[in-house]
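Dumped final15.txt below, it's compact mmCIF, C-alpha atoms:
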# COMPACT_ATOMS: atom_id res chain seq x y z
CA PRO A 1 54.76 23.46 -24.83
CA GLY A 2 53.54 26.88 -23.67
CA LEU A 3 51.58 27.38 -26.87
CA VAL A 4 50.03 23.92 -26.61
CA PHE A 5 49.01 24.58 -23.00
CA CYS A 6 47.52 27.93 -23.97
CA LYS A 7 45.56 26.37 -26.85
CA GLU A 8 44.16 23.60 -24.64
CA ARG A 9 43.18 26.11 -21.98
CA MET A 10 41.41 28.29 -24.53
CA MET A 11 39.54 25.26 -25.87
CA ARG A 12 38.36 24.37 -22.35
CA ILE A 13 37.21 27.96 -21.78
CA ALA A 14 35.40 27.99 -25.12
CA ALA A 15 33.68 24.67 -24.31
CA ALA A 16 32.56 26.00 -20.92
CA LEU A 17 31.16 29.16 -22.50
CA LEU A 18 29.34 27.11 -25.14
CA VAL A 19 27.74 24.91 -22.46
CA ALA A 20 26.55 28.04 -20.65
CA LEU A 21 25.18 29.45 -23.91
CA VAL A 22 23.32 26.24 -24.71
CA ALA A 23 21.76 26.20 -21.24
CA ARG A 24 20.74 29.87 -21.56
CA GLU A 25 19.22 29.34 -25.02
CA ALA A 26 17.31 26.27 -23.83
CA ALA A 27 15.88 28.22 -20.90
CA ALA A 28 14.95 31.13 -23.15
CA TRP A 29 13.25 28.82 -25.63
CA GLN A 30 11.12 27.33 -22.87
CA ARG A 31 9.79 30.85 -22.23
CA THR A 32 9.08 31.53 -25.91
CA PRO A 33 5.36 31.38 -26.82
CA LEU A 34 4.53 28.49 -29.13
CA PRO A 35 1.58 27.79 -31.40
CA ARG A 36 -1.34 26.48 -29.32
CA ALA A 37 -1.10 22.90 -30.63
CA ALA A 38 2.66 22.83 -30.15
CA ALA A 39 2.43 24.14 -26.59
CA THR A 40 -0.13 21.48 -25.74
CA ARG A 41 2.09 18.75 -27.14
CA LEU A 42 5.12 20.03 -25.22
CA TRP A 43 3.59 19.29 -21.85
CA SER A 44 1.71 16.09 -22.69
CA GLY A 45 4.41 13.56 -23.47
CA ALA A 46 3.23 10.25 -24.88
CA ALA A 47 3.77 6.99 -23.02
CA PRO A 48 6.00 4.24 -24.45
CA PRO A 49 4.25 1.80 -26.81
CA ARG A 50 2.47 -1.04 -25.02
CA GLU A 51 3.82 -3.68 -27.37
CA ALA A 52 6.96 -4.06 -29.47
CA ASP A 53 5.61 -3.36 -32.96
CA VAL A 54 7.85 -0.56 -34.25
CA ALA A 55 10.53 -1.21 -36.87
CA VAL A 56 13.32 1.38 -36.99
CA ILE A 57 15.26 2.24 -40.14
CA LEU A 58 18.50 3.89 -39.03
CA LEU A 59 20.07 5.68 -42.00
CA ALA A 60 23.88 5.58 -41.79
CA GLY A 61 25.00 5.33 -45.39
CA GLY A 62 25.89 8.97 -46.06
CA VAL A 63 29.36 10.24 -46.92
CA GLY A 64 29.12 13.61 -45.14
CA SER A 65 31.44 15.56 -47.44
CA ARG A 66 30.65 18.91 -45.77
CA MET A 67 32.13 17.60 -42.50
CA LYS A 68 35.59 17.60 -44.17
CA ALA A 69 36.69 14.58 -42.12
CA ASP A 70 38.73 11.48 -42.89
CA ARG A 71 35.71 9.21 -42.45
CA PRO A 72 31.91 9.37 -42.78
CA LYS A 73 30.43 11.63 -40.10
CA GLN A 74 28.47 8.82 -38.49
CA PHE A 75 31.80 7.31 -37.38
CA LEU A 76 33.31 10.48 -35.93
CA SER A 77 33.79 10.39 -32.17
CA LEU A 78 31.22 12.33 -30.14
CA ASN A 79 31.80 12.31 -26.39
CA GLY A 80 33.82 9.13 -26.57
CA LYS A 81 31.84 7.01 -29.04
CA PRO A 82 30.91 7.10 -32.72
CA VAL A 83 27.99 9.34 -33.68
CA LEU A 84 26.04 6.35 -35.02
CA MET A 85 26.22 4.50 -31.70
CA HIS A 86 24.39 7.28 -29.86
CA SER A 87 21.23 6.67 -31.91
CA LEU A 88 21.63 2.90 -32.09
CA GLU A 89 22.06 2.45 -28.36
CA LEU A 90 19.15 4.79 -27.67
CA PHE A 91 16.74 2.83 -29.88
CA LEU A 92 17.96 -0.48 -28.45
CA SER A 93 17.08 0.83 -24.98
CA LEU A 94 13.55 1.99 -25.80
CA GLU A 95 10.32 0.13 -25.18
CA GLY A 96 8.23 -0.84 -28.19
CA ILE A 97 11.10 -1.36 -30.65
CA ALA A 98 10.77 -4.73 -32.40
CA GLN A 99 13.52 -4.32 -35.01
CA ILE A 100 16.33 -1.98 -36.04
CA VAL A 101 17.51 -2.01 -39.66
CA VAL A 102 20.82 -0.17 -40.00
CA VAL A 103 21.30 1.08 -43.56
CA LEU A 104 25.07 0.91 -43.82
CA ASP A 105 27.74 -0.05 -46.30
CA GLU A 106 28.92 -3.61 -45.76
CA SER A 107 32.54 -2.52 -45.26
CA TYR A 108 31.61 -0.87 -41.94
CA ARG A 109 29.45 -3.61 -40.46
CA SER A 110 32.28 -5.36 -38.62
CA ASP A 111 32.09 -2.54 -36.05
CA PHE A 112 28.82 -4.08 -34.84
CA ALA A 113 30.22 -7.49 -34.01
CA GLY A 114 29.78 -6.81 -30.29
CA TYR A 115 26.05 -6.12 -30.57
CA GLU A 116 24.39 -9.49 -30.05
CA ASP A 117 20.80 -8.39 -30.38
CA ALA A 118 18.34 -10.35 -32.50
CA ARG A 119 16.49 -7.13 -33.36
CA LEU A 120 19.47 -5.77 -35.31
CA CYS A 121 19.94 -6.32 -39.06
CA PHE A 122 21.37 -4.44 -42.04
CA ALA A 123 20.46 -3.09 -45.46
CA ASP A 124 22.55 -1.58 -48.24
CA PRO A 125 22.53 2.18 -48.91
CA GLY A 126 20.98 3.38 -52.15
CA ALA A 127 21.94 6.10 -54.60
CA GLU A 128 19.53 8.59 -52.98
CA ARG A 129 17.92 8.86 -49.56
CA GLN A 130 14.61 7.41 -50.76
CA ASP A 131 16.50 4.41 -52.19
CA SER A 132 18.17 3.80 -48.83
CA VAL A 133 14.81 4.00 -47.06
CA ARG A 134 13.32 1.64 -49.65
CA ASN A 135 16.12 -0.89 -49.02
CA GLY A 136 15.64 -0.61 -45.27
CA PHE A 137 11.87 -0.97 -45.62
CA ALA A 138 12.37 -4.21 -47.56
CA GLN A 139 14.13 -5.68 -44.49
CA CYS A 140 11.38 -4.70 -42.05
CA ALA A 141 9.17 -7.43 -40.60
CA PRO A 142 5.80 -7.67 -42.39
CA ASP A 143 3.93 -7.46 -39.09
CA ALA A 144 5.46 -4.13 -38.03
CA ALA A 145 2.72 -1.62 -37.18
CA LEU A 146 4.94 1.43 -37.71
CA ILE A 147 8.13 2.27 -39.59
CA CYS A 148 10.31 4.78 -37.72
CA ILE A 149 12.98 6.37 -39.96
CA HIS A 150 15.87 8.20 -38.30
CA ASP A 151 19.10 9.84 -39.46
CA ALA A 152 22.18 8.56 -37.63
CA ALA A 153 23.48 12.13 -38.03
CA ARG A 154 20.93 13.25 -35.42
CA PRO A 155 22.40 11.73 -32.24
CA LEU A 156 20.68 14.16 -29.83
CA VAL A 157 17.06 13.08 -30.21
CA THR A 158 15.42 12.32 -26.86
CA PRO A 159 13.39 9.26 -25.84
CA GLN A 160 10.32 11.40 -25.17
CA ALA A 161 10.44 12.96 -28.64
CA ILE A 162 10.59 9.47 -30.15
CA TYR A 163 7.63 8.26 -28.09
CA ASP A 164 5.65 11.39 -29.03
CA VAL A 165 6.14 11.02 -32.79
CA ILE A 166 5.39 7.29 -32.61
CA ALA A 167 2.13 8.01 -30.78
CA ASP A 168 1.11 10.63 -33.36
CA ALA A 169 1.85 8.29 -36.28
CA ARG A 170 -0.16 5.54 -34.63
CA GLU A 171 -3.14 7.90 -34.42
CA HIS A 172 -2.82 9.78 -37.72
CA GLY A 173 -0.94 7.40 -40.05
CA ALA A 174 2.21 9.49 -40.42
CA ALA A 175 4.06 11.97 -38.22
CA VAL A 176 7.29 13.95 -38.29
CA LEU A 177 9.28 15.67 -35.57
CA GLY A 178 9.73 19.37 -36.16
CA VAL A 179 10.12 22.79 -34.59
CA PRO A 180 8.68 26.19 -35.52
CA VAL A 181 11.14 28.19 -37.63
CA LYS A 182 12.82 31.02 -35.69
CA PRO A 183 14.51 33.20 -38.37
CA THR A 184 12.76 35.24 -41.03
CA VAL A 185 12.87 33.24 -44.29
CA LYS A 186 13.10 34.85 -47.72
CA GLU A 187 12.28 33.22 -51.04
CA SER A 188 14.43 33.97 -54.08
CA ALA A 189 13.87 32.95 -57.69
CA ASP A 190 17.42 33.61 -58.88
CA GLY A 191 19.58 33.46 -55.74
CA ALA A 192 20.44 37.13 -56.10
CA PHE A 193 17.29 39.08 -55.17
CA VAL A 194 14.43 38.58 -52.72
CA LEU A 195 11.20 37.42 -54.33
CA LYS A 196 9.11 37.53 -51.15
CA THR A 197 9.17 37.00 -47.40
CA LEU A 198 7.49 33.81 -46.23
CA GLU A 199 5.02 33.87 -43.35
CA ARG A 200 7.12 32.55 -40.49
CA LYS A 201 4.25 31.37 -38.28
CA ARG A 202 3.36 28.78 -40.95
CA LEU A 203 6.89 27.37 -41.32
CA TRP A 204 8.32 24.35 -39.52
CA GLU A 205 11.80 22.85 -39.72
CA VAL A 206 11.38 19.09 -39.88
CA GLN A 207 13.68 16.58 -38.22
CA THR A 208 13.77 12.84 -37.68
CA PRO A 209 12.43 10.41 -36.63
CA GLN A 210 9.69 10.39 -39.23
CA VAL A 211 7.18 7.62 -38.54
CA ILE A 212 4.81 6.12 -41.10
CA GLN A 213 2.36 3.23 -41.14
CA PRO A 214 3.69 0.55 -43.55
CA HIS A 215 0.75 0.54 -45.95
CA LEU A 216 1.10 4.30 -46.47
CA LEU A 217 4.85 4.03 -47.00
CA ASP A 218 4.35 1.23 -49.53
CA GLU A 219 1.64 3.13 -51.40
CA GLY A 220 3.78 6.27 -51.36
CA PHE A 221 6.81 4.49 -52.76
CA ARG A 222 4.75 3.11 -55.62
CA ALA A 223 3.44 6.60 -56.44
CA VAL A 224 6.90 8.18 -56.29
CA GLU A 225 8.42 5.49 -58.49
CA LYS A 226 5.57 5.68 -60.99
CA ASP A 227 6.05 9.43 -61.46
CA ASN A 228 9.86 9.22 -61.17
CA LEU A 229 9.93 11.76 -58.32
CA GLU A 230 12.81 12.54 -55.98
CA VAL A 231 11.97 13.42 -52.38
CA THR A 232 14.33 14.72 -49.71
CA ASP A 233 12.50 13.53 -46.62
CA ASP A 234 10.39 10.53 -45.81
CA VAL A 235 6.95 11.96 -45.08
CA SER A 236 7.08 13.70 -48.47
CA ILE A 237 6.36 10.24 -49.82
CA VAL A 238 3.09 10.25 -47.88
CA GLU A 239 2.30 13.79 -49.04
CA GLN A 240 2.54 12.56 -52.64
CA ILE A 241 -0.54 10.35 -52.11
CA GLY A 242 -2.52 13.13 -50.44
CA LYS A 243 -2.50 11.71 -46.92
CA PRO A 244 -2.10 13.88 -43.80
CA VAL A 245 1.17 14.11 -41.89
CA LYS A 246 1.04 15.14 -38.23
CA LEU A 247 3.61 17.66 -36.97
CA THR A 248 5.02 16.51 -33.63
CA LEU A 249 6.79 19.18 -31.63
CA GLY A 250 10.44 18.23 -31.18
CA ASP A 251 13.45 19.97 -29.63
CA TYR A 252 15.73 22.60 -31.12
CA THR A 253 18.64 20.58 -29.76
CA ASN A 254 17.89 17.69 -32.16
CA LEU A 255 20.64 18.89 -34.48
CA LYS A 256 21.69 17.27 -37.72
CA LEU A 257 25.49 17.03 -37.75
CA THR A 258 26.62 18.52 -41.05
CA THR A 259 29.67 20.73 -40.46
CA PRO A 260 32.56 20.64 -37.94
CA ASP A 261 30.87 23.36 -35.87
CA ASP A 262 27.89 21.05 -35.34
CA MET A 263 30.15 18.54 -33.59
CA ILE A 264 31.19 21.22 -31.09
CA TYR A 265 27.57 22.20 -30.41
CA ALA A 266 26.50 18.56 -30.02
CA ALA A 267 29.28 17.83 -27.54
CA ALA A 268 28.28 20.90 -25.50
CA ILE A 269 24.60 19.85 -25.49
CA LEU A 270 25.51 16.33 -24.30
CA GLN A 271 27.72 17.79 -21.59
CA GLN A 272 24.94 20.13 -20.48
CA ARG A 273 22.46 17.24 -20.33
CA SER A 274 24.77 15.15 -18.21

Please render this file's structure as structure tokens.
Amino acid sequence: PGLVFCKERMMRIAAALLVALVAREAAAWQRTPLPRAAATRLWSGAAPPREADVAVILLAGGVGSRMKADRPKQFLSLNGKPVLMHSLELFLSLEGIAQIVVVLDESYRSDFAGYEDARLCFADPGAERQDSVRNGFAQCAPDAALICIHDAARPLVTPQAIYDVIADAREHGAAVLGVPVKPTVKESADGAFVLKTLERKRLWEVQTPQVIQPHLLDEGFRAVEKDNLEVTDDVSIVEQIGKPVKLTLGDYTNLKLTTPDDMIYAAAILQQRS
């Protein structure tokens, strides 16, 4: 019993320290100079859409093997509810959302029996990410003005970030949340020696949501399939047809849950926010 008590106490102390660290890092980041365009975007948050014309594709079909858990990571508990539900409930609460397509294996859909919302429907996961997005896109209403694609493994995205990237996509055709890269990044040809150092001020780490006008997404899918290309994020499909993609400044706290440590950080961020 004494060992159990000691372990629980140490875990509470560690959680408290992590919350303090997250708060300190967030404050420090706010003081960090940003590129001019990014700084402007930070303080000029977009308003919610005036009409409900956005279809959301919520990707929740991954296995999450690096999490080393007994279930897919989107069903792990985060602050008392499954990871997936954080994103789903957020999008259901937002203005401007006409439809939410959850890309999820049929065996898990019974968990949604309590959600009686006409905007909610499902699609099957595909072999690769782009196949899952393609399946979700096929379920989107033909009159949707924008397709908003989000990873369920990013449960910390904020409403304002979503509204910002939606506004940018409405203006420019396609937009992606991202943040300027902090570390120095090296390129290697063989994984053993440095080839060169990349210019950090030109590098962005992209996140989700990624928002695309339907005609661009459709044209991009046709180009990708024609050339048998594999892409790892959604706006890459738009890049393949030579169309511009707007970078929308997001938050460093919009983590993608990949390893067990990420769950600890996410819980601390949610606790700090509350």

Region 226-243 of chain A environment, 10 Å, only C-alpha atoms, sequence neighbours closer than 3 positions dropped, as a ChimeraX atom specification: /A:128-131,133,148-150,172-176,206-213,216-223,246

Among listed residues A:Val245, A:Leu270, A:Ala52, A:Ala60, nearest Val102 (chain A) (using only C-alpha atoms):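 Looking at the shortest contact to Val102 (chain A), the residue is A:Ala60.
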
CA of Val224 (chain A) to CA of Gly191 (chain A), straight-line distance in Å: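 Between these atoms lies a distance of 28.3 Å.
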
Among the residues A:Ala267, A:Ala98, A:Cys140, A:Leu257, the one that comes closest to Phe75 (chain A) [using all atoms listed in the file]: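 Closest to Phe75 (chain A), using all atoms listed in the file: A:Leu257.
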
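Taking CA of Ala268 (chain A) and CA of Leu78 (chain A) as the two end points, the separation is 10.2 Å.
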
Separation of CA of Leu92 (chain A) from CA of Gly80 (chain A), in Å and rounded to one decimal: 18.6 Å

Selected residue, from A:Ala169, A:Leu76, A:Ile269, A:Ile162, that lies nearest to Ser93 (chain A) when counting only C-alpha atoms: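 So, comparing all the options, the nearest one is A:Ile162.
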
Residue nearest Val56 (chain A) - candidates A:Phe112, A:Ala141, A:Ala127, A:Lys73, atoms counted: all atoms listed in the file: A:Ala141

Once N, CA and C atoms are restored for region 170-202 of chain A, what would the output be as a PDB file, in the coordinates of the input?
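This went into result15.pdb:
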ATOM      1  N   ARG A 170       0.803   6.611 -34.890  1.00  0.00           N
ATOM      2  CA  ARG A 170      -0.160   5.540 -34.630  1.00  0.00           C
ATOM      3  C   ARG A 170      -1.592   6.055 -34.762  1.00  0.00           C
ATOM      4  N   GLU A 171      -1.797   7.303 -34.360  1.00  0.00           N
ATOM      5  CA  GLU A 171      -3.140   7.900 -34.420  1.00  0.00           C
ATOM      6  C   GLU A 171      -3.483   8.430 -35.799  1.00  0.00           C
ATOM      7  N   HIS A 172      -2.513   9.042 -36.485  1.00  0.00           N
ATOM      8  CA  HIS A 172      -2.820   9.780 -37.720  1.00  0.00           C
ATOM      9  C   HIS A 172      -2.292   9.115 -38.996  1.00  0.00           C
ATOM     10  N   GLY A 173      -1.471   8.082 -38.870  1.00  0.00           N
ATOM     11  CA  GLY A 173      -0.940   7.400 -40.050  1.00  0.00           C
ATOM     12  C   GLY A 173       0.492   7.762 -40.362  1.00  0.00           C
ATOM     13  N   ALA A 174       0.840   9.034 -40.173  1.00  0.00           N
ATOM     14  CA  ALA A 174       2.210   9.490 -40.420  1.00  0.00           C
ATOM     15  C   ALA A 174       2.474  10.713 -39.553  1.00  0.00           C
ATOM     16  N   ALA A 175       3.699  10.830 -39.064  1.00  0.00           N
ATOM     17  CA  ALA A 175       4.060  11.970 -38.220  1.00  0.00           C
ATOM     18  C   ALA A 175       5.538  12.262 -38.374  1.00  0.00           C
ATOM     19  N   VAL A 176       5.905  13.532 -38.161  1.00  0.00           N
ATOM     20  CA  VAL A 176       7.290  13.950 -38.290  1.00  0.00           C
ATOM     21  C   VAL A 176       7.624  14.900 -37.147  1.00  0.00           C
ATOM     22  N   LEU A 177       8.799  14.720 -36.554  1.00  0.00           N
ATOM     23  CA  LEU A 177       9.280  15.670 -35.570  1.00  0.00           C
ATOM     24  C   LEU A 177       9.640  16.983 -36.260  1.00  0.00           C
ATOM     25  N   GLY A 178       9.364  18.086 -35.597  1.00  0.00           N
ATOM     26  CA  GLY A 178       9.730  19.370 -36.160  1.00  0.00           C
ATOM     27  C   GLY A 178       9.661  20.456 -35.107  1.00  0.00           C
ATOM     28  N   VAL A 179      10.160  21.627 -35.474  1.00  0.00           N
ATOM     29  CA  VAL A 179      10.120  22.790 -34.590  1.00  0.00           C
ATOM     30  C   VAL A 179       9.723  24.007 -35.415  1.00  0.00           C
ATOM     31  N   PRO A 180       8.989  24.950 -34.803  1.00  0.00           N
ATOM     32  CA  PRO A 180       8.680  26.190 -35.520  1.00  0.00           C
ATOM     33  C   PRO A 180       9.954  26.928 -35.928  1.00  0.00           C
ATOM     34  N   VAL A 181       9.966  27.466 -37.134  1.00  0.00           N
ATOM     35  CA  VAL A 181      11.140  28.190 -37.630  1.00  0.00           C
ATOM     36  C   VAL A 181      11.308  29.487 -36.849  1.00  0.00           C
ATOM     37  N   LYS A 182      12.537  29.784 -36.437  1.00  0.00           N
ATOM     38  CA  LYS A 182      12.820  31.020 -35.690  1.00  0.00           C
ATOM     39  C   LYS A 182      13.167  32.198 -36.595  1.00  0.00           C
ATOM     40  N   PRO A 183      14.101  32.039 -37.566  1.00  0.00           N
ATOM     41  CA  PRO A 183      14.510  33.200 -38.370  1.00  0.00           C
ATOM     42  C   PRO A 183      13.438  33.597 -39.383  1.00  0.00           C
ATOM     43  N   THR A 184      13.552  34.812 -39.882  1.00  0.00           N
ATOM     44  CA  THR A 184      12.760  35.240 -41.030  1.00  0.00           C
ATOM     45  C   THR A 184      13.326  34.556 -42.278  1.00  0.00           C
ATOM     46  N   VAL A 185      12.441  33.994 -43.107  1.00  0.00           N
ATOM     47  CA  VAL A 185      12.870  33.240 -44.290  1.00  0.00           C
ATOM     48  C   VAL A 185      12.432  33.979 -45.551  1.00  0.00           C
ATOM     49  N   LYS A 186      13.378  34.197 -46.442  1.00  0.00           N
ATOM     50  CA  LYS A 186      13.100  34.850 -47.720  1.00  0.00           C
ATOM     51  C   LYS A 186      13.112  33.823 -48.848  1.00  0.00           C
ATOM     52  N   GLU A 187      12.263  34.043 -49.832  1.00  0.00           N
ATOM     53  CA  GLU A 187      12.280  33.220 -51.040  1.00  0.00           C
ATOM     54  C   GLU A 187      12.917  34.017 -52.174  1.00  0.00           C
ATOM     55  N   SER A 188      13.771  33.335 -52.941  1.00  0.00           N
ATOM     56  CA  SER A 188      14.430  33.970 -54.080  1.00  0.00           C
ATOM     57  C   SER A 188      14.267  33.091 -55.314  1.00  0.00           C
ATOM     58  N   ALA A 189      14.009  33.708 -56.446  1.00  0.00           N
ATOM     59  CA  ALA A 189      13.870  32.950 -57.690  1.00  0.00           C
ATOM     60  C   ALA A 189      15.206  32.732 -58.369  1.00  0.00           C
ATOM     61  N   ASP A 190      16.153  33.671 -58.154  1.00  0.00           N
ATOM     62  CA  ASP A 190      17.420  33.610 -58.880  1.00  0.00           C
ATOM     63  C   ASP A 190      18.646  33.531 -57.974  1.00  0.00           C
ATOM     64  N   GLY A 191      18.454  33.516 -56.654  1.00  0.00           N
ATOM     65  CA  GLY A 191      19.580  33.460 -55.740  1.00  0.00           C
ATOM     66  C   GLY A 191      20.309  34.773 -55.579  1.00  0.00           C
ATOM     67  N   ALA A 192      19.792  35.827 -56.178  1.00  0.00           N
ATOM     68  CA  ALA A 192      20.440  37.130 -56.100  1.00  0.00           C
ATOM     69  C   ALA A 192      19.545  38.199 -55.476  1.00  0.00           C
ATOM     70  N   PHE A 193      18.220  38.083 -55.682  1.00  0.00           N
ATOM     71  CA  PHE A 193      17.290  39.080 -55.170  1.00  0.00           C
ATOM     72  C   PHE A 193      16.131  38.392 -54.454  1.00  0.00           C
ATOM     73  N   VAL A 194      15.561  39.106 -53.485  1.00  0.00           N
ATOM     74  CA  VAL A 194      14.430  38.580 -52.720  1.00  0.00           C
ATOM     75  C   VAL A 194      13.170  38.613 -53.581  1.00  0.00           C
ATOM     76  N   LEU A 195      12.495  37.478 -53.640  1.00  0.00           N
ATOM     77  CA  LEU A 195      11.200  37.420 -54.330  1.00  0.00           C
ATOM     78  C   LEU A 195      10.080  37.799 -53.367  1.00  0.00           C
ATOM     79  N   LYS A 196      10.109  37.190 -52.162  1.00  0.00           N
ATOM     80  CA  LYS A 196       9.110  37.530 -51.150  1.00  0.00           C
ATOM     81  C   LYS A 196       9.563  36.990 -49.803  1.00  0.00           C
ATOM     82  N   THR A 197       8.930  37.481 -48.760  1.00  0.00           N
ATOM     83  CA  THR A 197       9.170  37.000 -47.400  1.00  0.00           C
ATOM     84  C   THR A 197       8.069  36.019 -47.030  1.00  0.00           C
ATOM     85  N   LEU A 198       8.464  34.842 -46.578  1.00  0.00           N
ATOM     86  CA  LEU A 198       7.490  33.810 -46.230  1.00  0.00           C
ATOM     87  C   LEU A 198       6.927  34.073 -44.829  1.00  0.00           C
ATOM     88  N   GLU A 199       5.696  33.658 -44.628  1.00  0.00           N
ATOM     89  CA  GLU A 199       5.020  33.870 -43.350  1.00  0.00           C
ATOM     90  C   GLU A 199       5.580  32.883 -42.323  1.00  0.00           C
ATOM     91  N   ARG A 200       6.366  33.404 -41.397  1.00  0.00           N
ATOM     92  CA  ARG A 200       7.120  32.550 -40.490  1.00  0.00           C
ATOM     93  C   ARG A 200       6.230  31.654 -39.633  1.00  0.00           C
ATOM     94  N   LYS A 201       5.091  32.140 -39.205  1.00  0.00           N
ATOM     95  CA  LYS A 201       4.250  31.370 -38.280  1.00  0.00           C
ATOM     96  C   LYS A 201       3.704  30.093 -38.924  1.00  0.00           C
ATOM     97  N   ARG A 202       3.833  29.985 -40.254  1.00  0.00           N
ATOM     98  CA  ARG A 202       3.360  28.780 -40.950  1.00  0.00           C
ATOM     99  C   ARG A 202       4.492  27.811 -41.273  1.00  0.00           C
TER     100      ARG A 202
END
